[in-house]
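Asker: Below is entry_31.cif; it holds mmCIF, C-alpha atoms.
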```cif
data_my_file
loop_
_atom_site.group_PDB
_atom_site.id
_atom_site.type_symbol
_atom_site.label_atom_id
_atom_site.label_comp_id
_atom_site.auth_asym_id
_atom_site.auth_seq_id
_atom_site.Cartn_x
_atom_site.Cartn_y
_atom_site.Cartn_z
ATOM 1 C CA MET G 73 0.000 0.000 0.000
ATOM 2 C CA LEU G 74 1.195 3.459 -0.843
ATOM 3 C CA LEU G 75 0.978 5.745 2.192
ATOM 4 C CA TYR G 76 0.068 9.407 1.844
ATOM 5 C CA ALA G 77 -0.451 10.934 5.241
ATOM 6 C CA VAL G 78 -1.495 10.562 8.844
ATOM 7 C CA VAL G 79 -4.630 12.480 9.824
ATOM 8 C CA PRO G 80 -6.934 12.590 12.855
ATOM 9 C CA ALA G 81 -9.267 9.603 13.019
ATOM 10 C CA ASP G 82 -12.344 11.760 12.596
ATOM 11 C CA ALA G 83 -11.014 13.545 9.495
ATOM 12 C CA GLU G 84 -13.159 13.392 6.410
ATOM 13 C CA CYS G 85 -10.997 12.372 3.487
ATOM 14 C CA PRO G 86 -12.239 13.099 -0.001
ATOM 15 C CA THR G 87 -12.775 10.116 -2.234
ATOM 16 C CA ARG G 88 -10.080 10.348 -4.870
ATOM 17 C CA VAL G 89 -8.157 8.361 -7.378
ATOM 18 C CA GLY G 90 -4.568 7.966 -6.241
ATOM 19 C CA VAL G 91 -1.162 7.834 -7.885
ATOM 20 C CA CYS G 92 -1.559 4.133 -8.749
ATOM 21 C CA GLY G 93 -5.034 4.593 -10.188
ATOM 22 C CA GLY G 94 -6.772 3.036 -7.182
ATOM 23 C CA GLN G 95 -9.030 4.586 -4.604
ATOM 24 C CA VAL G 96 -7.460 6.583 -1.793
ATOM 25 C CA GLU G 97 -8.858 5.391 1.528
ATOM 26 C CA THR G 98 -8.373 5.875 5.253
ATOM 27 C CA LEU G 99 -7.302 3.113 7.624
ATOM 28 C CA GLN G 100 -8.511 3.847 11.118
ATOM 29 C CA GLY G 101 -6.339 3.546 14.229
ATOM 30 C CA ALA G 102 -6.585 4.811 17.785
ATOM 31 C CA GLY G 103 -7.174 8.523 17.343
ATOM 32 C CA VAL G 104 -5.403 8.670 13.979
ATOM 33 C CA ALA G 105 -5.908 7.351 10.477
ATOM 34 C CA LEU G 106 -3.535 6.484 7.654
ATOM 35 C CA VAL G 107 -4.454 7.725 4.213
ATOM 36 C CA ALA G 108 -3.366 5.024 1.785
ATOM 37 C CA GLU G 109 -3.955 3.367 -1.566
ATOM 38 C CA GLU G 110 -3.688 -0.244 -2.682
ATOM 39 C CA CYS G 111 -0.960 -0.487 -5.348
ATOM 40 C CA ASP G 112 -0.002 -3.652 -7.202
ATOM 41 C CA GLN G 113 3.298 -2.132 -8.252
ATOM 42 C CA PRO G 114 5.497 0.593 -6.741
ATOM 43 C CA PRO G 115 4.378 4.002 -7.978
ATOM 44 C CA GLU G 116 5.961 5.459 -11.041
ATOM 45 C CA SER G 117 9.122 7.466 -10.257
ATOM 46 C CA SER G 118 8.235 10.582 -12.123
ATOM 47 C CA ARG G 119 7.592 14.241 -11.526
ATOM 48 C CA PRO G 120 3.872 13.957 -12.414
ATOM 49 C CA ALA G 121 3.475 11.088 -9.929
ATOM 50 C CA ALA G 122 5.161 13.082 -7.167
ATOM 51 C CA LEU G 123 3.027 16.116 -7.931
ATOM 52 C CA ARG G 124 -0.133 14.015 -7.971
ATOM 53 C CA TYR G 125 0.887 12.612 -4.585
ATOM 54 C CA TYR G 126 1.509 16.121 -3.316
ATOM 55 C CA GLU G 127 -1.887 17.312 -4.556
ATOM 56 C CA ILE G 128 -3.657 14.655 -2.511
ATOM 57 C CA VAL G 129 -1.648 15.389 0.631
ATOM 58 C CA ASP G 130 -1.991 19.129 0.158
ATOM 59 C CA GLN G 131 -5.751 18.909 -0.203
ATOM 60 C CA LEU G 132 -5.923 17.003 3.075
ATOM 61 C CA SER G 133 -3.702 19.472 4.877
ATOM 62 C CA ARG G 134 -5.923 22.389 3.936
ATOM 63 C CA SER G 135 -8.796 20.986 5.956
ATOM 64 C CA VAL G 136 -7.244 18.882 8.742
ATOM 65 C CA SER G 137 -3.973 18.595 10.632
ATOM 66 C CA THR G 138 -1.792 16.352 8.486
ATOM 67 C CA LEU G 139 1.500 14.515 8.825
ATOM 68 C CA PRO G 140 2.673 14.011 5.245
ATOM 69 C CA VAL G 141 4.475 10.766 4.496
ATOM 70 C CA ARG G 142 7.599 10.823 2.381
ATOM 71 C CA PHE G 143 6.967 9.872 -1.252
ATOM 72 C CA PRO G 144 7.029 7.012 -2.218
ATOM 73 C CA THR G 145 6.615 5.102 1.044
ATOM 74 C CA ALA G 146 4.811 1.803 0.721
ATOM 75 C CA VAL G 147 4.063 -1.015 3.118
ATOM 76 C CA ARG G 148 3.655 -4.612 2.059
ATOM 77 C CA ASP G 149 -0.039 -4.927 2.768
ATOM 78 C CA ARG G 150 -2.965 -3.724 4.818
ATOM 79 C CA GLY G 151 -1.778 -5.718 7.832
ATOM 80 C CA ASP G 152 1.552 -3.893 7.888
ATOM 81 C CA ALA G 153 -0.258 -0.579 7.607
ATOM 82 C CA PHE G 154 -2.390 -1.385 10.623
ATOM 83 C CA ARG G 155 0.680 -2.533 12.552
ATOM 84 C CA GLU G 156 2.320 0.838 11.876
ATOM 85 C CA LEU G 157 -0.825 2.543 13.051
ATOM 86 C CA ALA G 158 -0.936 0.511 16.250
ATOM 87 C CA GLN G 159 2.728 1.159 17.060
ATOM 88 C CA ARG G 160 2.820 4.867 16.329
ATOM 89 C CA ALA G 161 -0.691 6.124 16.980
ATOM 90 C CA ALA G 162 0.189 7.951 20.206
ATOM 91 C CA GLN G 163 3.247 9.696 18.715
ATOM 92 C CA TRP G 164 1.379 10.650 15.587
ATOM 93 C CA ARG G 165 -1.618 11.913 17.530
ATOM 94 C CA ARG G 166 0.637 14.148 19.631
ATOM 95 C CA ARG G 167 2.396 15.554 16.593
ATOM 96 C CA LEU G 168 -0.908 16.150 14.800
ATOM 97 C CA ASP G 169 -2.031 18.270 17.727
ATOM 98 C CA GLU G 170 1.234 20.215 17.695
ATOM 99 C CA LEU G 171 1.033 20.923 13.972
ATOM 100 C CA ASP G 172 -2.634 21.840 13.843
ATOM 101 C CA GLY G 173 -3.072 25.059 11.861
ATOM 102 C CA LEU G 174 0.570 25.170 10.789
ATOM 103 C CA ALA G 175 2.093 24.913 7.325
ATOM 104 C CA GLU G 176 5.581 24.846 5.872
ATOM 105 C CA MET G 177 7.041 27.614 3.761
ATOM 106 C CA VAL G 178 10.535 27.505 2.274
ATOM 107 C CA LEU G 179 12.528 30.695 2.219
ATOM 108 C CA ARG G 180 15.321 30.997 -0.310
ATOM 109 C CA ALA G 181 17.900 33.718 -0.744
ATOM 110 C CA TRP G 182 20.881 34.204 -3.013
ATOM 111 C CA PRO G 183 23.223 36.382 -0.972
ATOM 112 C CA GLU G 184 26.085 35.972 -3.431
ATOM 113 C CA HIS G 185 24.184 38.220 -5.823
ATOM 114 C CA ALA G 186 24.976 41.107 -3.460
ATOM 115 C CA VAL G 187 28.733 40.583 -3.820
ATOM 116 C CA ALA G 188 30.477 42.669 -6.478
ATOM 117 C CA PRO G 189 31.864 40.553 -9.338
ATOM 118 C CA MET G 190 35.597 39.832 -9.381
ATOM 119 C CA VAL G 191 37.592 42.511 -11.173
ATOM 120 C CA ASP G 192 40.551 40.330 -12.125
ATOM 121 C CA GLU G 193 39.492 36.718 -12.641
ATOM 122 C CA SER G 194 43.082 35.549 -13.169
ATOM 123 C CA SER G 195 44.258 36.707 -9.737
ATOM 124 C CA GLY G 196 44.400 34.137 -6.941
ATOM 125 C CA SER G 197 44.203 36.734 -4.180
ATOM 126 C CA ALA G 198 41.233 38.409 -5.868
ATOM 127 C CA TYR G 199 39.514 35.023 -5.976
ATOM 128 C CA LEU G 200 40.169 34.445 -2.269
ATOM 129 C CA ARG G 201 38.892 37.900 -1.341
ATOM 130 C CA HIS G 202 35.782 37.339 -3.428
ATOM 131 C CA ARG G 203 35.234 33.918 -1.878
ATOM 132 C CA ALA G 204 35.615 35.318 1.647
ATOM 133 C CA ALA G 205 33.167 38.130 0.892
ATOM 134 C CA THR G 206 30.660 35.629 -0.506
ATOM 135 C CA LEU G 207 30.877 33.374 2.551
ATOM 136 C CA HIS G 208 30.595 36.324 4.901
ATOM 137 C CA ILE G 209 27.476 37.684 3.267
ATOM 138 C CA ALA G 210 25.955 34.196 3.085
ATOM 139 C CA GLU G 211 26.373 33.755 6.854
ATOM 140 C CA GLN G 212 25.070 37.235 7.508
ATOM 141 C CA THR G 213 22.049 36.656 5.296
ATOM 142 C CA ALA G 214 21.261 33.299 6.900
ATOM 143 C CA ASP G 215 21.367 34.899 10.355
ATOM 144 C CA GLN G 216 19.176 37.819 9.314
ATOM 145 C CA LEU G 217 16.572 35.660 7.605
ATOM 146 C CA GLU G 218 16.418 33.154 10.422
ATOM 147 C CA ARG G 219 15.905 35.979 12.912
ATOM 148 C CA ILE G 220 13.059 37.592 10.991
ATOM 149 C CA ALA G 221 11.465 34.204 10.251
ATOM 150 C CA ARG G 222 11.544 33.255 13.917
ATOM 151 C CA GLY G 223 9.527 36.369 14.657
ATOM 152 C CA VAL G 224 6.615 34.849 12.730
ATOM 153 C CA CYS G 225 7.221 31.085 12.590
ATOM 154 C CA ARG G 226 6.935 28.427 15.290
ATOM 155 C CA ASP G 227 10.075 26.698 14.080
ATOM 156 C CA VAL G 228 12.780 27.337 11.496
ATOM 157 C CA ARG G 229 15.158 24.746 10.084
ATOM 158 C CA SER G 230 18.057 25.104 7.738
ATOM 159 C CA LEU G 231 17.769 22.925 4.633
ATOM 160 C CA PRO G 232 20.641 21.722 2.452
ATOM 161 C CA ALA G 233 21.207 24.042 -0.495
ATOM 162 C CA THR G 234 23.502 23.790 -3.474
ATOM 163 C CA GLU G 235 23.667 27.560 -3.462
ATOM 164 C CA GLY G 236 22.546 30.350 -1.181
ATOM 165 C CA VAL G 237 20.364 30.030 1.899
ATOM 166 C CA ARG G 238 17.357 27.767 2.291
ATOM 167 C CA LEU G 239 15.179 27.746 5.393
ATOM 168 C CA ALA G 240 12.066 25.714 6.172
ATOM 169 C CA CYS G 241 9.614 27.751 8.242
ATOM 170 C CA LEU G 242 6.733 26.289 10.224
ATOM 171 C CA VAL G 243 4.214 29.077 10.005
ATOM 172 C CA PRO G 244 0.652 29.416 11.296
ATOM 173 C CA ARG G 245 -1.566 29.438 8.196
ATOM 174 C CA VAL G 246 -3.130 32.659 9.426
ATOM 175 C CA ALA G 247 0.323 34.305 9.543
ATOM 176 C CA GLU G 248 1.427 33.453 5.999
ATOM 177 C CA SER G 249 1.001 37.057 4.892
ATOM 178 C CA ASP G 250 3.047 38.249 7.871
ATOM 179 C CA LEU G 251 5.951 36.095 6.772
ATOM 180 C CA ARG G 252 5.662 37.423 3.225
ATOM 181 C CA ARG G 253 5.626 40.958 4.573
ATOM 182 C CA VAL G 254 8.771 40.614 6.713
ATOM 183 C CA VAL G 255 10.618 38.958 3.838
ATOM 184 C CA ASP G 256 9.562 41.778 1.500
ATOM 185 C CA GLU G 257 10.740 44.320 4.054
ATOM 186 C CA TRP G 258 14.084 42.549 4.316
ATOM 187 C CA GLN G 259 14.493 42.627 0.536
ATOM 188 C CA GLN G 260 13.713 46.318 0.377
ATOM 189 C CA ALA G 261 16.108 47.182 3.202
ATOM 190 C CA GLY G 262 19.281 46.831 1.140
ATOM 191 C CA PRO G 263 20.649 46.404 -2.377
ATOM 192 C CA GLY G 264 21.172 42.953 -3.864
ATOM 193 C CA ARG G 265 18.776 41.257 -1.465
ATOM 194 C CA GLU G 266 16.837 38.563 -3.295
ATOM 195 C CA ALA G 267 14.546 36.069 -1.636
ATOM 196 C CA THR G 268 11.614 33.859 -2.565
ATOM 197 C CA LEU G 269 9.013 32.116 -0.459
ATOM 198 C CA GLY G 270 7.550 28.773 -1.506
ATOM 199 C CA GLY G 271 4.374 27.382 -0.006
ATOM 200 C CA PRO G 272 2.342 27.090 2.100
ATOM 201 C CA TRP G 273 2.765 23.321 1.958
ATOM 202 C CA PRO G 274 2.095 20.440 4.332
ATOM 203 C CA PRO G 275 4.853 20.397 6.964
ATOM 204 C CA PHE G 276 7.157 17.889 5.249
ATOM 205 C CA SER G 277 10.294 19.202 6.984
ATOM 206 C CA PHE G 278 8.835 18.980 10.461
ATOM 207 C CA VAL G 279 7.631 15.391 10.703
ATOM 208 C CA GLY G 280 10.846 13.475 10.117
ATOM 209 C CA GLN G 281 11.907 10.201 11.642
ATOM 210 C CA GLN G 282 14.192 11.738 14.236
ATOM 211 C CA GLU G 283 11.428 13.889 15.541
ATOM 212 C CA VAL G 284 9.139 10.950 16.020
ATOM 213 C CA LYS G 285 11.876 8.847 17.620
ATOM 214 C CA ASP G 286 12.853 11.563 20.064
ATOM 215 C CA ARG G 287 9.413 11.982 21.504
ATOM 216 C CA MET X 1064 -0.430 28.652 -3.201
ATOM 217 C CA SER X 1065 -2.182 26.275 -5.549
ATOM 218 C CA LEU X 1066 -0.320 23.600 -7.426
ATOM 219 C CA ALA X 1067 -1.123 25.300 -10.713
ATOM 220 C CA SER X 1068 0.247 28.651 -9.662
ATOM 221 C CA THR X 1069 3.274 26.975 -8.112
ATOM 222 C CA SER X 1070 4.254 25.166 -11.268
ATOM 223 C CA SER X 1071 3.579 28.014 -13.617
ATOM 224 C CA SER X 1072 5.014 30.951 -11.747
ATOM 225 C CA ASN X 1073 7.902 29.822 -9.668
ATOM 226 C CA ASP X 1074 10.376 27.151 -10.722
ATOM 227 C CA VAL X 1075 12.378 27.591 -7.571
ATOM 228 C CA ALA X 1076 9.348 26.869 -5.416
ATOM 229 C CA LEU X 1077 8.575 23.811 -7.523
ATOM 230 C CA VAL X 1078 12.072 22.434 -6.986
ATOM 231 C CA ASP X 1079 11.737 23.044 -3.263
ATOM 232 C CA LEU X 1080 8.320 21.435 -3.223
ATOM 233 C CA LEU X 1081 9.526 18.280 -4.987
ATOM 234 C CA ASP X 1082 12.575 18.173 -2.748
ATOM 235 C CA ARG X 1083 10.334 18.228 0.322
ATOM 236 C CA VAL X 1084 7.903 15.639 -1.085
ATOM 237 C CA ILE X 1085 10.690 13.105 -1.648
ATOM 238 C CA GLY X 1086 13.095 14.279 1.056
ATOM 239 C CA GLY X 1087 10.795 15.188 3.938
ATOM 240 C CA GLY X 1088 7.758 13.618 5.553
ATOM 241 C CA VAL X 1089 7.056 10.811 7.964
ATOM 242 C CA VAL X 1090 9.281 7.777 7.504
ATOM 243 C CA VAL X 1091 7.818 4.406 8.438
ATOM 244 C CA ALA X 1092 8.747 0.791 7.965
ATOM 245 C CA GLY X 1093 7.640 1.077 4.371
ATOM 246 C CA ASP X 1094 11.110 2.280 3.573
ATOM 247 C CA ILE X 1095 12.368 -1.101 4.670
ATOM 248 C CA VAL X 1096 10.200 -2.671 2.018
ATOM 249 C CA LEU X 1097 11.680 -0.353 -0.549
ATOM 250 C CA SER X 1098 15.159 -1.088 0.713
ATOM 251 C CA ILE X 1099 14.807 -4.612 -0.637
ATOM 252 C CA ALA X 1100 15.058 -2.945 -4.015
ATOM 253 C CA ASP X 1101 17.923 -0.780 -2.746
ATOM 254 C CA VAL X 1102 16.248 2.248 -1.263
ATOM 255 C CA ASP X 1103 19.249 4.520 -1.613
ATOM 256 C CA LEU X 1104 19.270 4.008 -5.330
ATOM 257 C CA VAL X 1105 15.533 4.486 -5.467
ATOM 258 C CA TYR X 1106 15.815 7.862 -3.789
ATOM 259 C CA LEU X 1107 18.889 8.847 -5.726
ATOM 260 C CA GLY X 1108 17.062 7.961 -8.921
ATOM 261 C CA LEU X 1109 14.021 9.890 -7.828
ATOM 262 C CA ARG X 1110 16.052 12.945 -7.041
ATOM 263 C CA LEU X 1111 17.645 12.827 -10.454
ATOM 264 C CA VAL X 1112 14.353 12.299 -12.225
ATOM 265 C CA LEU X 1113 12.220 14.657 -10.204
ATOM 266 C CA ALA X 1114 14.469 17.449 -9.155
ATOM 267 C CA PRO X 1115 17.583 17.987 -11.205
ATOM 268 C CA ALA X 1116 18.303 20.802 -8.798
ATOM 269 C CA HIS X 1117 21.523 22.076 -10.297
ATOM 270 C CA GLU X 1118 20.081 22.353 -13.774
ATOM 271 C CA VAL X 1119 16.860 23.950 -12.682
ATOM 272 C CA GLU X 1120 18.512 26.349 -10.257
ATOM 273 C CA ASP X 1121 21.086 27.368 -12.831
ATOM 274 C CA SER X 1122 18.477 28.024 -15.471
ATOM 275 C CA VAL X 1123 16.310 29.951 -13.033
ATOM 276 C CA ARG X 1124 19.253 32.001 -11.842
ATOM 277 C CA LEU X 1125 20.309 32.827 -15.367
ATOM 278 C CA GLY X 1126 16.731 33.720 -16.176
ATOM 279 C CA ARG X 1127 16.569 36.051 -13.179
ATOM 280 C CA ARG X 1128 19.652 37.888 -14.372
ATOM 281 C CA GLN X 1129 18.370 38.464 -17.853
ATOM 282 C CA PRO X 1130 16.642 41.776 -18.414
ATOM 283 C CA THR X 1131 12.941 41.417 -19.048
#
```
The structure given in the file should be rewritten as structure tokens.

Answerer:
Amino acid sequence: MLLYAVVPADAECPTRVGVCGGQVETLQGAGVALVAEECDQPPESSRPAALRYYEIVDQLSRSVSTLPVRFPTAVRDRGDAFRELAQRAAQWRRRLDELDGLAEMVLRAWPEHAVAPMVDESSGSAYLRHRAATLHIAEQTADQLERIARGVCRDVRSLPATEGVRLACLVPRVAESDLRRVVDEWQQAGPGREATLGGPWPPFSFVGQQEVKDR
Amino acid sequence: MSLASTSSSNDVALVDLLDRVIGGGVVVAGDIVLSIADVDLVYLGLRLVLAPAHEVEDSVRLGRRQPT
């Protein structure tokens, strides 16, 4: 079975066709339910399949507290799904309560755009100076953005980035516009400041394995 | 933000979204099932197929620098 999300047991889940073409259903546990779909084969590893999966989870998260499951997580059969439910129901229930009304937004910035280009690209010392300036402004930007995000968000986590700064923000859905406003203000406060906000999405970055284990 | 507006207006957000869908979320024993088929390769493959981050980020960055 392909797993989509954990939701409160009393949540109404829309009847939908899932990624595998089957019916998405809820498996009831003690206080929580698993949203899942019977799949004969593992789901297709494609961008459309991942987006379809996201659509289903996102729709759920707009109406009820939702713990999204990482795509593509599958259990062998219905029995395994119920065993997971039985083992983790209390942890999941607690986390659902904690995340009620919250969504994830991802804040990106490209601080290196604020650094002046190298004048002499053949000079080793010029390269080192440029590199030091880039690292300095990246650290400064990360600190600034984390500080302003923490003023609005319940939690902020740094995400791996191939370039620039990337922060996952756990924001109350009612405060989404506040986060957009403080990010806009930050951009307008100085030259070369570029940032984007993605979301709101289900809180994928705040329901990881470690978090569940630690509780 | 709706899925439609995400995909049409902001490639960076789409990359982040896909990265979260396959890199975040609750992890359960289902991953063990996938590991029979070599889960690391499954996820590596997915990342390559779904979110060629370097390519997308580069193209977006270049696009941002071009005058409109």

Asker: What does the PyMOL selection byres ((chain G) within 9 of (chain X)) select in this file, as number ranges by chain?

Answerer: G: 73-75, 77-78, 114, 117-120, 122-123, 125-127, 130, 139-148, 152-153, 156, 178, 180, 234-235, 268-281, 284

Asker: How many Å lie between CA of Glu248 (chain G) and CA of Gln260 (chain G), rounded to one decimal?

Answerer: 18.7 Å

Asker: If I take CA of Arg167 (chain G) and CA of Pro244 (chain G), how far is one from the other in Å, to one decimal?

Answerer: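 According to the coordinates, CA of Arg167 (chain G) and CA of Pro244 (chain G) are separated by 14.9 Å.
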
Asker: Between G:Leu157, G:Ile209, G:Leu217, G:Ala105, which one has atoms that come closest to Val187 (chain G), using all atoms listed in the file?

Answerer: G:Ile209

Asker: Quick one, how far is CA of Ser249 (chain G) from CA of Val228 (chain G)?

Answerer: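 Interatomic distance, CA of Ser249 (chain G) to CA of Val228 (chain G): 16.6 Å.
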